[in-house]
Amino acid sequence: MASLSSKIIAYANDKGVASVDFMSDVLLQDDSNGQGAYIKKWNLDIAKPTDEQLATYETVANTAESNANVIQTRKKLYGLPEKQLENIIENGLQAEIDRVNQIKTDNPKSE
Amino acid sequence: MAIIKVSNQGFSGTKGITMADAFRKTATSAFSATTNTTITGWERVDTEFSQIGTGLTESSGIFTFPQTGIYFISYSGVFSDTQAVRYVGNHLYVSTDGGSNFSVRSYGYQAIPHDTDTWYMSQHQTHILDVTDISNFQFKWVINPEHNMNIQGNTNNRRTGFEIFRIGDT
């Protein structure tokens with residue numbers, strides 16, 4: 001199940017808002033009482049979504065979360081810049097291109 | 001040379017600390033991204049420590065006071081993550097109306113700079129609170145990480161926890 005924040009991002013993107021700052025635009029809260037997270041404050045210009053509206057973004061949000069995990073995996077496998085630079089110097093640019101492409105092939109993103 | 005004589009008559013005036021208490025998070029648990037989540041799972045520190053005076057009362061992460069007075073709170077949290085985050089918010093929320101409304105009274109932030117491996121960080125803050133009404137004053141600790149993140153806890157040592165001292169009358 002996608003997180004509330006992912007569904008809000010998907011909803012906002014769909015309404016033409018490119019990004020959501022959860023420190024100022026939207027504040028989420030979970031009182032740890034078993035009720036889960038909810039929208040505490042909504043400061044975006046677009047209308048605050050209902051639970052039913054957010055539920056329709058479940059699939060889109062799940063894909064976004066899955067792809068975010070893939071990106072994290074790729075970044076770890078790419079390694080720090082010094083590792084990439086060392087590979088280029090020692091083995092040539094093509095070796096690094098091949099390595100990065102293989103990582104992307106092994107860790108595909110969902111459409 | 002001056003000679004100071006110490007008798008068993010005791011001191012007059014100050015009685016020293018009349019209330020000291022300490023709590024820690026008992027286990028590591030995950031907190032959701034971008035959500036202000038109340039920290040639960042507290043226990044009173046019971047290793048080489050016993051509270052002085054009457055301690056706090058805790059229920060579902062919300063603490064209440066044993067008596068009015070001015071309290072000093074020292075808190076620190078330990079967090080870990082495997083990806084870079086711009087912020088992990090760690091805030092003290094205080095209610096003066098019996099828990100109907102909470103306001104942030106102390107902000108804390110920390111960041112993790114890199115994506116590789118598991119990174120650990122610790123964030124510390126202190127706060128002074130004048131509790132004038134024990135029926136209505138409450139507080140809680142709230143976590144707000146940019147990404148899903150683990151907050152460290154352990155029942156044998158303090159990783160995320162706080163100490164509180166009553167330092168004077170209201």
# chains A, B, ... in the order shown; residues from 1 in each chain; ligands from 1
>>> interface_residues(of="chain B", to="chain A", cutoff="12 Å", atoms="only C-alpha atoms", output="PyMOL selection string")
chain B and resi 31-41+59-62+81-89+93+99+101-102+109+113-118+140-148
>>> atom_distance(atom1="atom CA of Ala64 of chain A", atom2="atom CA of Glu96 of chain A")
27.3 Å
>>> atom_distance(atom1="atom CA of Val78 of chain B", atom2="atom CA of Gly161 of chain B")
9.0 Å
>>> atom_distance(atom1="atom CA of Phe72 of chain B", atom2="atom CA of Leu129 of chain B")
6.5 Å
>>> residues_around(residues="Phe139 of chain B", least_positions_apart="3", cutoff="7 Å", atoms="only C-alpha atoms", output="PyMOL selection string")
chain B and resi 62-64+92-95
>>> select_by_dssp(residues="chain B", states="strand (DSSP E)", output="NGL selection string")
:B and (20-25 or 27-31 or 35-38 or 42-44 or 57-59 or 62-64 or 69-81 or 85-95 or 103-106 or 109-112 or 119-131 or 138-145 or 149-154 or 161-168)
>>> closest_residue(among="A:Arg74, A:Pro81, A:Ala61, A:Thr56", to="Ile103 of chain A", atoms="only C-alpha atoms")
A:Arg74
